[in-house]
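Chemist: Starting off with a structure, shown below.
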Amino acid sequence: MIPPVMSSWIRIGSRLQARPAAVVAVLSVLFSTNVVRAVAAESTPGSLSGVVSTRGTGLPGVAVSAVPTASGSAAQVVSGEHGVFRIAGLAPGSYDLVAELEGFRPTALTGVMLSAGESRRVDIELDVAVFGDNVAVIGQMPQEALAAAEIRESGARDAGEAMTRLGGVWKVRKGGIANDIVLGGYQGPNLNVLVDGARAHGACPNGMDPAAFHVDFAEIDRIEVAKGPFDVKSSGSLGGVVNIVTRKPEEGWHANVNLAGGSYSFVNPSAVVSYGGPRLSGQAGYSYRSSKPYEDGSGRAFTELANYRPDAVDSDAFEIGTGWGRLVLAPAEGHSLQLAYTRQEADHVLYPYLMADAIVDDTDRANASYEFTGSGPVLRAVRAQAYLTRVEHWMTDAYRTSSTTAPREYAMGSDASSEVTGGEVEVEAGPFTAGVEVVRQEWSTTTMLAGMGYQPQYSLPGVVSDTVGAYVEYVRPLSQSVVLQAGARWDETDSQADPELANTNLYYAYKSTRAVGNVASEPSGNLRLIVTPTAGLELSVGAGHSVRYPDARELFFSLRRMGSDWVGNPALKPARNTGLSLNASYRKDSFYLSGRVFYDRVDDYITVHDQQKVNMVPGVMNSVARSYENVDAQLTGGDLAASWAVGGTLFFSADLGAVIGRKDPRPEEGITTRTLAEMPPTTLRVAGRYDTGKLFVELEGVFADAQDRVDTDLGETTTPGYGVANLRVGATWGGLRVVLGLLNALDRQYSEALSYQRDPFRSGVRVSEPGRNVSLNLAFAI
């Protein structure tokens, strides 16, 4: 008996056999349909996308080309923020993926196969092409970076202003230049700001000249940023570390000429010439910057808002000249010796934020380093560094109305000097990196006040601070997807004021001590676990503990003034930050997302407060002084960064930063407000960019929430929120690149929250941000 199914097939076969023409027609239709489908599938275009990075940091502006291995035209795009790129419309086949960026060695990934309709992810790592730029200053911790091209495009006047393009980074505006960096709510002595791993310290006890001010734009190659209490390579990284990496010679002869200009008579010409050879390399450069006071959105110059004399209202806001040179020697394979020197002269810098301006602010930076790179499995590298940074600073109120009736050209003047000498030796062996750091800072200030008969007061009485530290880092893969990182450090510090110069009467009147020394030792350390559960997703959790010691100003400053004195606290304890951080990053095709949330508990955080006089001392007439005290504080916040490349030429990006700072009140010390002073508001930056590699247009929006979390003990008040729009366009022809910016395009009148509070010589003036202004940058490279 034949099964029913088989009987049905027999009947269909007999019918088709009786109609051969129908059989041929059916087979033809089936065959042609399958062929069309196969051909269509084979011709469906695919795409290559990914991230271009160096040392784990995404690189924007990289030219990425997909070159067919056999034959055909190359397709090229440029990477956007955080290094994302996407090359679409590629036919199936084999490609060589080539990435090129000035300052980096061209990298080619050969034989990248792409199937029909496939969206394949390929990440590219670039190595620096310059001599002597292999040192990891920050070490094993999550990092971000801002490249030189981004800095030039920003239209900023200094590094502190340019860095606000990064999420979780804010600035303190004091005038037309010399903006302080704020990282996750930490600023000033709570951050380490390094230049090629060397400490740079301003001389002004009011923070006029932060470390980043002493570096010119034309020197900078990139700025590396690491947040949180996780750095063990440098002493004092309480809330993070910033390392400004200067340019190094590239292979062969090169010349770069840059002309920047803009509104308010801003001009900034610079030139750099370099040669890189197998044994000898060198570089030399010079830059000049000057500008008139900018105008805010209401059309008023910032000098009109403070107490400037009529003849100073339209004077230069700043005038700065910087020259530098570098020599790199490679005496043998694996050996490198570098010598670098920079001289900066700033002769006229206005600070409406403060009660005085810089008449002279001159800086000398010298840096020598040696590196040996081993080829064995155990000894990987040996590095040594020695440096010197010297700053001479003369500030007065000669341009202010407060000096109008003074017997001299000024009613208040301070002559300050700071010298930092330091060195470090580091060894990489197997999974360990270990080193020793030695730092000495000498800081002196003499202040003359008309109200005190110009009697010299040694407000910083020749303070010498010595720090010796040792550290070790360890990295171990626990599996293919899990990595363990750990670090430990121990520091000893000794700060001593000159007993012949120190005003111990002020210390005793307000702090009940005549001590002229402060000695401390503390451990630091961190532990981080990094997990990669799937391709493109990375999670990490870290716990860190860092310490920063009180600086010379906080310990030993002493100044008698009319109404309120200013006195340090020789009994201050080191601030100790114990923090937890959760980091995540996700990459899929041409989309990138990263974020961080953190909680820091800072024991003995150092804050400014009003100190009542506790002892009667002859000559100390006031009853209150601005001083410093330890409090326990907590900082909670996070930041977010996202970037998405669409079709290879269209990019969208966003950066968000938020932090809340709280402290435990100490009513007995006049500290009653729970809010930490000088905390930035929640800020969002969004941008859309069209970039072909030859032409780009970018529209950017920056939005800040109102800041109503203020320290009323110190007179802080609420700052309104704001939103501004910026437009940038640029073009490249051969070696010439032109960037034009229209900043604050809607001419908004606004001030940032960190624009008016700085003790003790604050002017009380809110320094508004610039109104609508134009920036132009012309760069020519040979």
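Every chain in the structure tokens takes a letter, A first, then B, and so on in the order presented; its residues are numbered from 1, and the ligands are numbered from 1 following the presented order.
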Please tabulate, as a Markdown table, the residues of segment 145-250 of chain A that come within 9 Å of segment 774-777 of chain A, each with its closest pair of atoms and the distance in Å to one decimal, counting only C-alpha atoms and ordering rows by chain, then residue number upward.
Modeler:
| residue | atom | partner | partner_atom | distance |
| --- | --- | --- | --- | --- |
| A:Arg152 | CA | A:Asn777 | CA | 7.1 |
| A:Glu153 | CA | A:Asn777 | CA | 7.5 |
| A:Ser154 | CA | A:Ser775 | CA | 8.8 |
| A:Gly155 | CA | A:Ser775 | CA | 5.6 |
| A:Ala156 | CA | A:Ser775 | CA | 8.7 |
Chemist: Name all residues at most 8 Å from segment 254-261 of chain A (count only C-alpha atoms; drop same-chain ones fewer than 3 positions away) and give them as an MDAnalysis selection string.
Modeler: chainID A and resid 250 265:275 775:782
Chemist: Those residues with N, CA, C and O atoms, as a PDB file, in the first residue's frame please?
Modeler:
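This went into out35.pdb:
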ATOM      1  N   GLU A 250      58.943  65.556  15.763  1.00  0.00           N
ATOM      2  CA  GLU A 250      58.556  64.436  14.912  1.00  0.00           C
ATOM      3  C   GLU A 250      59.707  64.077  13.980  1.00  0.00           C
ATOM      4  O   GLU A 250      60.683  64.818  13.851  1.00  0.00           O
ATOM      5  N   SER A 265      40.451  92.642  20.140  1.00  0.00           N
ATOM      6  CA  SER A 265      41.850  92.807  19.723  1.00  0.00           C
ATOM      7  C   SER A 265      42.739  91.652  20.175  1.00  0.00           C
ATOM      8  O   SER A 265      43.932  91.831  20.420  1.00  0.00           O
ATOM      9  N   PHE A 266      42.166  90.466  20.277  1.00  0.00           N
ATOM     10  CA  PHE A 266      42.962  89.307  20.648  1.00  0.00           C
ATOM     11  C   PHE A 266      43.857  88.887  19.487  1.00  0.00           C
ATOM     12  O   PHE A 266      43.387  88.719  18.352  1.00  0.00           O
ATOM     13  N   VAL A 267      45.156  88.725  19.746  1.00  0.00           N
ATOM     14  CA  VAL A 267      46.108  88.219  18.760  1.00  0.00           C
ATOM     15  C   VAL A 267      46.998  87.188  19.431  1.00  0.00           C
ATOM     16  O   VAL A 267      47.372  87.335  20.598  1.00  0.00           O
ATOM     17  N   ASN A 268      47.323  86.131  18.679  1.00  0.00           N
ATOM     18  CA  ASN A 268      48.180  85.068  19.209  1.00  0.00           C
ATOM     19  C   ASN A 268      48.947  84.394  18.076  1.00  0.00           C
ATOM     20  O   ASN A 268      48.596  83.316  17.630  1.00  0.00           O
ATOM     21  N   PRO A 269      50.018  85.029  17.582  1.00  0.00           N
ATOM     22  CA  PRO A 269      50.867  84.370  16.601  1.00  0.00           C
ATOM     23  C   PRO A 269      51.863  83.436  17.311  1.00  0.00           C
ATOM     24  O   PRO A 269      52.326  83.732  18.423  1.00  0.00           O
ATOM     25  N   SER A 270      52.184  82.320  16.670  1.00  0.00           N
ATOM     26  CA  SER A 270      53.165  81.391  17.227  1.00  0.00           C
ATOM     27  C   SER A 270      53.822  80.616  16.092  1.00  0.00           C
ATOM     28  O   SER A 270      53.251  80.468  15.004  1.00  0.00           O
ATOM     29  N   ALA A 271      55.017  80.125  16.346  1.00  0.00           N
ATOM     30  CA  ALA A 271      55.754  79.345  15.359  1.00  0.00           C
ATOM     31  C   ALA A 271      56.575  78.286  16.081  1.00  0.00           C
ATOM     32  O   ALA A 271      57.147  78.544  17.151  1.00  0.00           O
ATOM     33  N   VAL A 272      56.629  77.091  15.491  1.00  0.00           N
ATOM     34  CA  VAL A 272      57.399  75.978  16.048  1.00  0.00           C
ATOM     35  C   VAL A 272      58.182  75.328  14.908  1.00  0.00           C
ATOM     36  O   VAL A 272      57.619  75.035  13.845  1.00  0.00           O
ATOM     37  N   VAL A 273      59.470  75.109  15.125  1.00  0.00           N
ATOM     38  CA  VAL A 273      60.332  74.426  14.160  1.00  0.00           C
ATOM     39  C   VAL A 273      60.953  73.215  14.853  1.00  0.00           C
ATOM     40  O   VAL A 273      61.391  73.323  16.013  1.00  0.00           O
ATOM     41  N   SER A 274      60.969  72.074  14.167  1.00  0.00           N
ATOM     42  CA  SER A 274      61.519  70.876  14.799  1.00  0.00           C
ATOM     43  C   SER A 274      62.210  69.989  13.776  1.00  0.00           C
ATOM     44  O   SER A 274      61.936  70.055  12.575  1.00  0.00           O
ATOM     45  N   TYR A 275      63.121  69.177  14.290  1.00  0.00           N
ATOM     46  CA  TYR A 275      63.794  68.152  13.480  1.00  0.00           C
ATOM     47  C   TYR A 275      63.905  66.893  14.314  1.00  0.00           C
ATOM     48  O   TYR A 275      64.289  66.938  15.493  1.00  0.00           O
ATOM     49  N   SER A 775      36.250  84.148  16.909  1.00  0.00           N
ATOM     50  CA  SER A 775      37.621  83.644  17.012  1.00  0.00           C
ATOM     51  C   SER A 775      38.040  83.091  15.659  1.00  0.00           C
ATOM     52  O   SER A 775      37.240  82.501  14.928  1.00  0.00           O
ATOM     53  N   LEU A 776      39.297  83.304  15.320  1.00  0.00           N
ATOM     54  CA  LEU A 776      39.852  82.837  14.045  1.00  0.00           C
ATOM     55  C   LEU A 776      41.192  82.183  14.310  1.00  0.00           C
ATOM     56  O   LEU A 776      42.024  82.728  15.044  1.00  0.00           O
ATOM     57  N   ASN A 777      41.394  81.013  13.715  1.00  0.00           N
ATOM     58  CA  ASN A 777      42.668  80.315  13.874  1.00  0.00           C
ATOM     59  C   ASN A 777      43.154  79.827  12.511  1.00  0.00           C
ATOM     60  O   ASN A 777      42.444  79.084  11.810  1.00  0.00           O
ATOM     61  N   LEU A 778      44.343  80.287  12.113  1.00  0.00           N
ATOM     62  CA  LEU A 778      44.995  79.851  10.877  1.00  0.00           C
ATOM     63  C   LEU A 778      46.225  79.052  11.241  1.00  0.00           C
ATOM     64  O   LEU A 778      47.112  79.550  11.954  1.00  0.00           O
ATOM     65  N   ALA A 779      46.297  77.820  10.780  1.00  0.00           N
ATOM     66  CA  ALA A 779      47.432  76.955  11.085  1.00  0.00           C
ATOM     67  C   ALA A 779      48.017  76.428   9.786  1.00  0.00           C
ATOM     68  O   ALA A 779      47.289  75.913   8.928  1.00  0.00           O
ATOM     69  N   PHE A 780      49.328  76.553   9.659  1.00  0.00           N
ATOM     70  CA  PHE A 780      50.011  76.058   8.462  1.00  0.00           C
ATOM     71  C   PHE A 780      51.145  75.145   8.893  1.00  0.00           C
ATOM     72  O   PHE A 780      51.988  75.518   9.716  1.00  0.00           O
ATOM     73  N   ALA A 781      51.142  73.928   8.361  1.00  0.00           N
ATOM     74  CA  ALA A 781      52.150  72.934   8.724  1.00  0.00           C
ATOM     75  C   ALA A 781      52.950  72.525   7.499  1.00  0.00           C
ATOM     76  O   ALA A 781      52.394  72.341   6.402  1.00  0.00           O
ATOM     77  N   ILE A 782      54.254  72.410   7.685  1.00  0.00           N
ATOM     78  CA  ILE A 782      55.150  71.961   6.621  1.00  0.00           C
ATOM     79  C   ILE A 782      55.770  70.635   7.054  1.00  0.00           C
ATOM     80  O   ILE A 782      56.306  70.532   8.152  1.00  0.00           O
TER      81      ILE A 782
END
Chemist: Mind giving me the straight-line distance from atom CA of Val617 of chain A to atom CA of Met452 of chain A in Å, one decimal?
Modeler: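 Atom CA of Met452 of chain A lies at a distance of 17.4 Å from atom CA of Val617 of chain A.
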Chemist: Please identify the strand (DSSP E or B) residues within segment 459-532 of chain A (assignment by DSSP from backbone atoms) and present them as a VMD selection string.
Modeler: chain A and resid 459 to 477 482 to 496 517 to 532
Chemist: Generate the output file for the selected residues, N, CA and C atoms, as a short mmCIF file (atom, residue, chain, number, x, y, z; two decimals), in the first residue's frame.
Modeler:
data_model
loop_
_atom_site.label_atom_id
_atom_site.label_comp_id
_atom_site.auth_asym_id
_atom_site.auth_seq_id
_atom_site.Cartn_x
_atom_site.Cartn_y
_atom_site.Cartn_z
N SER A 459 54.22 87.83 54.50
CA SER A 459 52.96 87.09 54.55
C SER A 459 53.15 85.59 54.28
N LEU A 460 54.08 85.24 53.41
CA LEU A 460 54.53 83.84 53.32
C LEU A 460 55.99 83.85 53.74
N PRO A 461 56.27 83.42 54.97
CA PRO A 461 57.59 83.65 55.57
C PRO A 461 58.64 82.61 55.18
N GLY A 462 59.03 82.62 53.91
CA GLY A 462 60.11 81.74 53.47
C GLY A 462 59.85 80.27 53.78
N VAL A 463 58.70 79.76 53.36
CA VAL A 463 58.30 78.39 53.71
C VAL A 463 58.97 77.39 52.76
N VAL A 464 59.57 76.35 53.35
CA VAL A 464 60.16 75.26 52.59
C VAL A 464 59.38 73.98 52.90
N SER A 465 58.85 73.34 51.86
CA SER A 465 58.07 72.11 52.03
C SER A 465 58.77 70.98 51.28
N ASP A 466 59.12 69.94 52.00
CA ASP A 466 59.79 68.77 51.41
C ASP A 466 58.86 67.56 51.47
N THR A 467 58.78 66.85 50.36
CA THR A 467 57.98 65.63 50.30
C THR A 467 58.81 64.51 49.68
N VAL A 468 58.80 63.35 50.33
CA VAL A 468 59.45 62.15 49.80
C VAL A 468 58.40 61.05 49.77
N GLY A 469 58.24 60.42 48.62
CA GLY A 469 57.23 59.37 48.48
C GLY A 469 57.72 58.20 47.67
N ALA A 470 57.16 57.04 47.94
CA ALA A 470 57.47 55.82 47.19
C ALA A 470 56.16 55.14 46.82
N TYR A 471 56.09 54.56 45.62
CA TYR A 471 54.85 53.96 45.16
C TYR A 471 55.12 52.68 44.38
N VAL A 472 54.08 51.87 44.26
CA VAL A 472 54.13 50.67 43.44
C VAL A 472 52.75 50.44 42.83
N GLU A 473 52.74 50.01 41.57
CA GLU A 473 51.50 49.64 40.88
C GLU A 473 51.62 48.20 40.39
N TYR A 474 50.48 47.53 40.35
CA TYR A 474 50.46 46.11 39.96
C TYR A 474 49.26 45.87 39.06
N VAL A 475 49.48 45.17 37.97
CA VAL A 475 48.41 44.84 37.03
C VAL A 475 48.48 43.33 36.74
N ARG A 476 47.34 42.66 36.90
CA ARG A 476 47.31 41.22 36.65
C ARG A 476 46.01 40.81 36.00
N PRO A 477 46.06 40.22 34.80
CA PRO A 477 44.84 39.65 34.21
C PRO A 477 44.43 38.40 34.98
N VAL A 482 38.77 39.67 32.76
CA VAL A 482 38.87 40.32 34.07
C VAL A 482 40.32 40.72 34.34
N VAL A 483 40.52 41.99 34.73
CA VAL A 483 41.85 42.50 35.04
C VAL A 483 41.82 43.15 36.41
N LEU A 484 42.85 42.88 37.20
CA LEU A 484 42.98 43.47 38.52
C LEU A 484 44.10 44.51 38.49
N GLN A 485 43.82 45.71 39.00
CA GLN A 485 44.82 46.77 39.14
C GLN A 485 44.89 47.19 40.60
N ALA A 486 46.11 47.41 41.09
CA ALA A 486 46.28 47.82 42.47
C ALA A 486 47.47 48.77 42.56
N GLY A 487 47.41 49.67 43.52
CA GLY A 487 48.51 50.60 43.73
C GLY A 487 48.62 50.99 45.19
N ALA A 488 49.84 51.35 45.62
CA ALA A 488 50.06 51.77 47.00
C ALA A 488 51.15 52.83 47.01
N ARG A 489 51.08 53.72 48.00
CA ARG A 489 52.05 54.81 48.11
C ARG A 489 52.20 55.21 49.58
N TRP A 490 53.40 55.71 49.91
CA TRP A 490 53.66 56.25 51.24
C TRP A 490 54.41 57.56 51.07
N ASP A 491 53.95 58.60 51.79
CA ASP A 491 54.58 59.91 51.71
C ASP A 491 54.98 60.41 53.08
N GLU A 492 56.09 61.12 53.11
CA GLU A 492 56.53 61.88 54.28
C GLU A 492 56.68 63.33 53.83
N THR A 493 56.09 64.26 54.60
CA THR A 493 56.20 65.66 54.24
C THR A 493 56.59 66.49 55.46
N ASP A 494 57.37 67.53 55.20
CA ASP A 494 57.87 68.40 56.25
C ASP A 494 57.85 69.84 55.74
N SER A 495 57.00 70.68 56.34
CA SER A 495 56.90 72.09 55.95
C SER A 495 57.39 72.95 57.10
N GLN A 496 58.33 73.86 56.79
CA GLN A 496 58.92 74.70 57.82
C GLN A 496 58.95 76.15 57.34
N GLY A 517 56.30 74.83 62.10
CA GLY A 517 56.55 73.60 61.35
C GLY A 517 55.34 72.70 61.37
N ASN A 518 55.25 71.85 60.34
CA ASN A 518 54.16 70.88 60.23
C ASN A 518 54.72 69.64 59.55
N VAL A 519 54.69 68.51 60.25
CA VAL A 519 55.25 67.26 59.74
C VAL A 519 54.15 66.21 59.73
N ALA A 520 54.06 65.43 58.65
CA ALA A 520 53.04 64.40 58.56
C ALA A 520 53.51 63.28 57.63
N SER A 521 52.91 62.12 57.79
CA SER A 521 53.16 60.99 56.89
C SER A 521 51.87 60.21 56.76
N GLU A 522 51.57 59.80 55.53
CA GLU A 522 50.29 59.15 55.26
C GLU A 522 50.44 58.13 54.13
N PRO A 523 49.62 57.05 54.16
CA PRO A 523 49.58 56.11 53.04
C PRO A 523 48.49 56.48 52.04
N SER A 524 48.65 56.01 50.81
CA SER A 524 47.62 56.12 49.78
C SER A 524 47.56 54.77 49.07
N GLY A 525 46.47 54.53 48.36
CA GLY A 525 46.37 53.28 47.62
C GLY A 525 45.08 53.18 46.85
N ASN A 526 45.00 52.16 46.01
CA ASN A 526 43.78 51.93 45.24
C ASN A 526 43.68 50.48 44.82
N LEU A 527 42.48 50.08 44.50
CA LEU A 527 42.19 48.74 44.00
C LEU A 527 41.08 48.86 42.98
N ARG A 528 41.29 48.30 41.81
CA ARG A 528 40.29 48.41 40.75
C ARG A 528 40.15 47.07 40.04
N LEU A 529 38.90 46.70 39.75
CA LEU A 529 38.59 45.48 39.01
C LEU A 529 37.91 45.87 37.71
N ILE A 530 38.47 45.43 36.59
CA ILE A 530 37.93 45.75 35.27
C ILE A 530 37.39 44.48 34.63
N VAL A 531 36.14 44.53 34.21
CA VAL A 531 35.48 43.36 33.63
C VAL A 531 34.97 43.71 32.24
N THR A 532 35.22 42.83 31.28
CA THR A 532 34.72 42.98 29.91
C THR A 532 33.81 41.79 29.62
#
Chemist: Considering only C-alpha atoms, return as a PyMOL selection string whatever protein or nucleic-acid residues lie within 8 Å of segment 200-202 of chain A, sequence-local ones (same chain, fewer than 2 positions apart) excluded.
Modeler: chain A and resi 193-195+198+204+207-212+214+389+391+418-420
Chemist: I need the residues from that last selection saved to file as an mmCIF file, in the first residue's frame (with N, CA and C atoms), if you can.
Modeler:
data_model
loop_
_atom_site.group_PDB
_atom_site.id
_atom_site.type_symbol
_atom_site.label_atom_id
_atom_site.label_comp_id
_atom_site.auth_asym_id
_atom_site.auth_seq_id
_atom_site.Cartn_x
_atom_site.Cartn_y
_atom_site.Cartn_z
ATOM 1 N N VAL A 193 48.261 69.375 39.014
ATOM 2 C CA VAL A 193 48.383 69.806 37.619
ATOM 3 C C VAL A 193 49.858 69.755 37.259
ATOM 4 N N LEU A 194 50.204 68.873 36.326
ATOM 5 C CA LEU A 194 51.584 68.612 35.952
ATOM 6 C C LEU A 194 51.827 69.049 34.512
ATOM 7 N N VAL A 195 53.078 69.320 34.192
ATOM 8 C CA VAL A 195 53.501 69.603 32.825
ATOM 9 C C VAL A 195 54.583 68.593 32.478
ATOM 10 N N ALA A 198 56.053 67.074 35.458
ATOM 11 C CA ALA A 198 56.724 67.970 36.404
ATOM 12 C C ALA A 198 55.707 68.884 37.064
ATOM 13 N N CYS A 204 51.474 83.364 43.251
ATOM 14 C CA CYS A 204 50.486 84.230 43.903
ATOM 15 C C CYS A 204 49.739 83.459 44.992
ATOM 16 N N GLY A 207 46.123 82.581 44.136
ATOM 17 C CA GLY A 207 45.830 81.714 43.006
ATOM 18 C C GLY A 207 45.620 82.443 41.708
ATOM 19 N N MET A 208 46.181 83.655 41.554
ATOM 20 C CA MET A 208 46.077 84.368 40.275
ATOM 21 C C MET A 208 46.591 83.518 39.127
ATOM 22 N N ASP A 209 47.757 82.925 39.349
ATOM 23 C CA ASP A 209 48.481 82.232 38.278
ATOM 24 C C ASP A 209 48.484 80.726 38.522
ATOM 25 N N PRO A 210 47.398 80.028 38.197
ATOM 26 C CA PRO A 210 47.380 78.573 38.382
ATOM 27 C C PRO A 210 48.416 77.899 37.497
ATOM 28 N N ALA A 211 48.697 76.642 37.787
ATOM 29 C CA ALA A 211 49.757 75.921 37.078
ATOM 30 C C ALA A 211 49.554 75.925 35.571
ATOM 31 N N ALA A 212 48.316 75.715 35.105
ATOM 32 C CA ALA A 212 48.056 75.635 33.667
ATOM 33 C C ALA A 212 48.311 76.957 32.959
ATOM 34 N N HIS A 214 50.887 78.730 33.125
ATOM 35 C CA HIS A 214 52.298 78.846 32.775
ATOM 36 C C HIS A 214 52.691 77.984 31.578
ATOM 37 N N THR A 389 60.859 74.526 38.432
ATOM 38 C CA THR A 389 59.887 75.550 38.021
ATOM 39 C C THR A 389 60.027 76.738 38.958
ATOM 40 N N VAL A 391 58.810 80.861 39.585
ATOM 41 C CA VAL A 391 57.867 81.918 39.226
ATOM 42 C C VAL A 391 58.164 83.154 40.073
ATOM 43 N N SER A 418 58.015 81.576 43.881
ATOM 44 C CA SER A 418 57.836 80.151 44.154
ATOM 45 C C SER A 418 58.847 79.373 43.328
ATOM 46 N N GLU A 419 59.474 78.406 43.961
ATOM 47 C CA GLU A 419 60.423 77.546 43.243
ATOM 48 C C GLU A 419 60.165 76.096 43.644
ATOM 49 N N VAL A 420 59.925 75.271 42.636
ATOM 50 C CA VAL A 420 59.686 73.846 42.864
ATOM 51 C C VAL A 420 60.790 73.061 42.171
#
Chemist: Which residues are close to segment 325-333 of chain A, i.e. within 10 Å by only C-alpha atoms, leaving aside same-chain residues fewer than 3 positions away? Reply as a ChimeraX atom specification.
Modeler: /A:131-132,219,247-249,272-286,336-343,366-374
Chemist: Store the residues of this selection in a file with C-alpha atoms, as a compact mmCIF listing (two decimals), in the first residue's frame.
Modeler:
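Output below, filename result-v1.txt:
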# COMPACT_ATOMS: atom_id res chain seq x y z
CA PHE A 131 60.63 61.29 20.13
CA GLY A 132 60.49 60.93 23.91
CA GLU A 219 53.43 74.10 23.45
CA ARG A 247 54.83 68.79 21.84
CA LYS A 248 57.89 66.72 20.96
CA PRO A 249 59.93 66.60 17.72
CA VAL A 272 57.40 75.98 16.05
CA VAL A 273 60.33 74.43 14.16
CA SER A 274 61.52 70.88 14.80
CA TYR A 275 63.79 68.15 13.48
CA GLY A 276 63.68 64.49 14.38
CA GLY A 277 66.57 62.19 13.57
CA PRO A 278 67.66 58.72 14.64
CA ARG A 279 70.16 60.04 17.20
CA LEU A 280 69.45 63.76 17.63
CA SER A 281 66.17 65.69 17.65
CA GLY A 282 65.33 69.25 18.51
CA GLN A 283 62.50 71.76 18.72
CA ALA A 284 62.15 75.50 19.27
CA GLY A 285 59.10 77.75 19.44
CA TYR A 286 57.76 81.15 20.37
CA SER A 336 66.55 58.43 25.30
CA LEU A 337 67.63 61.66 27.00
CA GLN A 338 65.53 64.85 26.92
CA LEU A 339 66.36 68.41 27.93
CA ALA A 340 63.64 71.10 27.81
CA TYR A 341 63.40 74.75 28.85
CA THR A 342 60.58 77.32 28.71
CA ARG A 343 60.57 81.02 29.56
CA ALA A 366 63.37 73.30 33.06
CA ASN A 367 62.94 69.55 32.67
CA ALA A 368 65.44 66.72 32.12
CA SER A 369 64.46 63.09 31.68
CA TYR A 370 66.06 59.78 30.78
CA GLU A 371 64.39 56.58 29.66
CA PHE A 372 65.66 53.08 28.99
CA THR A 373 63.31 50.63 27.30
CA GLY A 374 64.22 47.00 27.78
Chemist: In terms of the shortest atom-to-atom distance over only C-alpha atoms, which of A:Phe703, A:Ile359, A:Leu48, A:Val659 is closest to Ser115 of chain A?
Modeler: A:Leu48
Chemist: Quick one: everything within 10 Å of Asp362 of chain A, counting only C-alpha atoms, minus sequence neighbours fewer than 4 positions away in the same chain. Send it as a VMD selection string.
Modeler: chain A and resid 202 to 203 214 320 to 322 343 to 347 390 to 394 417
Chemist: Using only C-alpha atoms, determine which residues lie at most 9 Å from Met113 of chain A, disregarding the query and same-chain residues fewer than 5 positions distant; provide the list as a list in words.
Modeler: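 After dropping sequence-adjacent residues, the list is Pro92, Gly93, Ser94, Tyr95 and Arg120 of chain A.
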Chemist: Suppose we keep N, CA, C and O atoms; can you now write the selection as a PDB file, in the first residue's frame?
Modeler:
ATOM      1  N   PRO A  92      31.384  44.304  -0.628  1.00  0.00           N
ATOM      2  CA  PRO A  92      32.013  43.163   0.035  1.00  0.00           C
ATOM      3  C   PRO A  92      33.419  42.946  -0.510  1.00  0.00           C
ATOM      4  O   PRO A  92      33.702  43.200  -1.674  1.00  0.00           O
ATOM      5  N   GLY A  93      34.320  42.514   0.363  1.00  0.00           N
ATOM      6  CA  GLY A  93      35.682  42.257  -0.071  1.00  0.00           C
ATOM      7  C   GLY A  93      36.689  42.476   1.027  1.00  0.00           C
ATOM      8  O   GLY A  93      36.338  42.615   2.205  1.00  0.00           O
ATOM      9  N   SER A  94      37.955  42.561   0.629  1.00  0.00           N
ATOM     10  CA  SER A  94      39.061  42.739   1.566  1.00  0.00           C
ATOM     11  C   SER A  94      39.549  44.190   1.506  1.00  0.00           C
ATOM     12  O   SER A  94      39.702  44.753   0.419  1.00  0.00           O
ATOM     13  N   TYR A  95      39.847  44.761   2.680  1.00  0.00           N
ATOM     14  CA  TYR A  95      40.263  46.163   2.756  1.00  0.00           C
ATOM     15  C   TYR A  95      41.493  46.309   3.664  1.00  0.00           C
ATOM     16  O   TYR A  95      41.676  45.532   4.613  1.00  0.00           O
ATOM     17  N   ARG A 120      30.823  45.755  10.373  1.00  0.00           N
ATOM     18  CA  ARG A 120      31.916  45.182  11.152  1.00  0.00           C
ATOM     19  C   ARG A 120      32.597  46.251  11.996  1.00  0.00           C
ATOM     20  O   ARG A 120      32.829  47.362  11.533  1.00  0.00           O
TER      21      ARG A 120
END
Chemist: Which neighbours of Thr649 of chain A fall inside 10 Å, counting only C-alpha atoms, when residues of the same chain fewer than 6 positions from it are skipped, and could you give them as a list in words?
Modeler: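 Final neighbour list, sorted by chain and number: Gln76, Val77, Val78, Ser79, Gly80, Phe85, Arg86, Ile87, Ala88, Arg689, Tyr690, Asp691, Thr692, Gly693, Leu695 and Phe696 of chain A.
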Chemist: Which segment 164-258 of chain A residues have any atom within 9 Å of an atom of segment 593-601 of chain A, and for each, what is the nearest pair of atoms with distance in Å to one decimal, counting only C-alpha atoms, rows sorted by chain and number, as a Markdown table?
Modeler:
| residue | atom | partner | partner_atom | distance |
| --- | --- | --- | --- | --- |
| A:Gly228 | CA | A:Phe598 | CA | 8.1 |
| A:Pro229 | CA | A:Asp600 | CA | 8.4 |
| A:Gly239 | CA | A:Asp600 | CA | 8.8 |
Chemist: Please, which residues of segment 482-709 of chain A, numbered as in this document, come out helix (DSSP H, G or I) from DSSP, as a PyMOL selection string?
Modeler: chain A and resi 504-511+552-556+667-669
Chemist: Return the single residue from A:Ser49, A:Ser290, A:Ser73, A:Thr718 that is closest to Ala645 of chain A, with distances computed using only C-alpha atoms.
Modeler: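 The answer is A:Ser49, which sits nearest to Ala645 of chain A.
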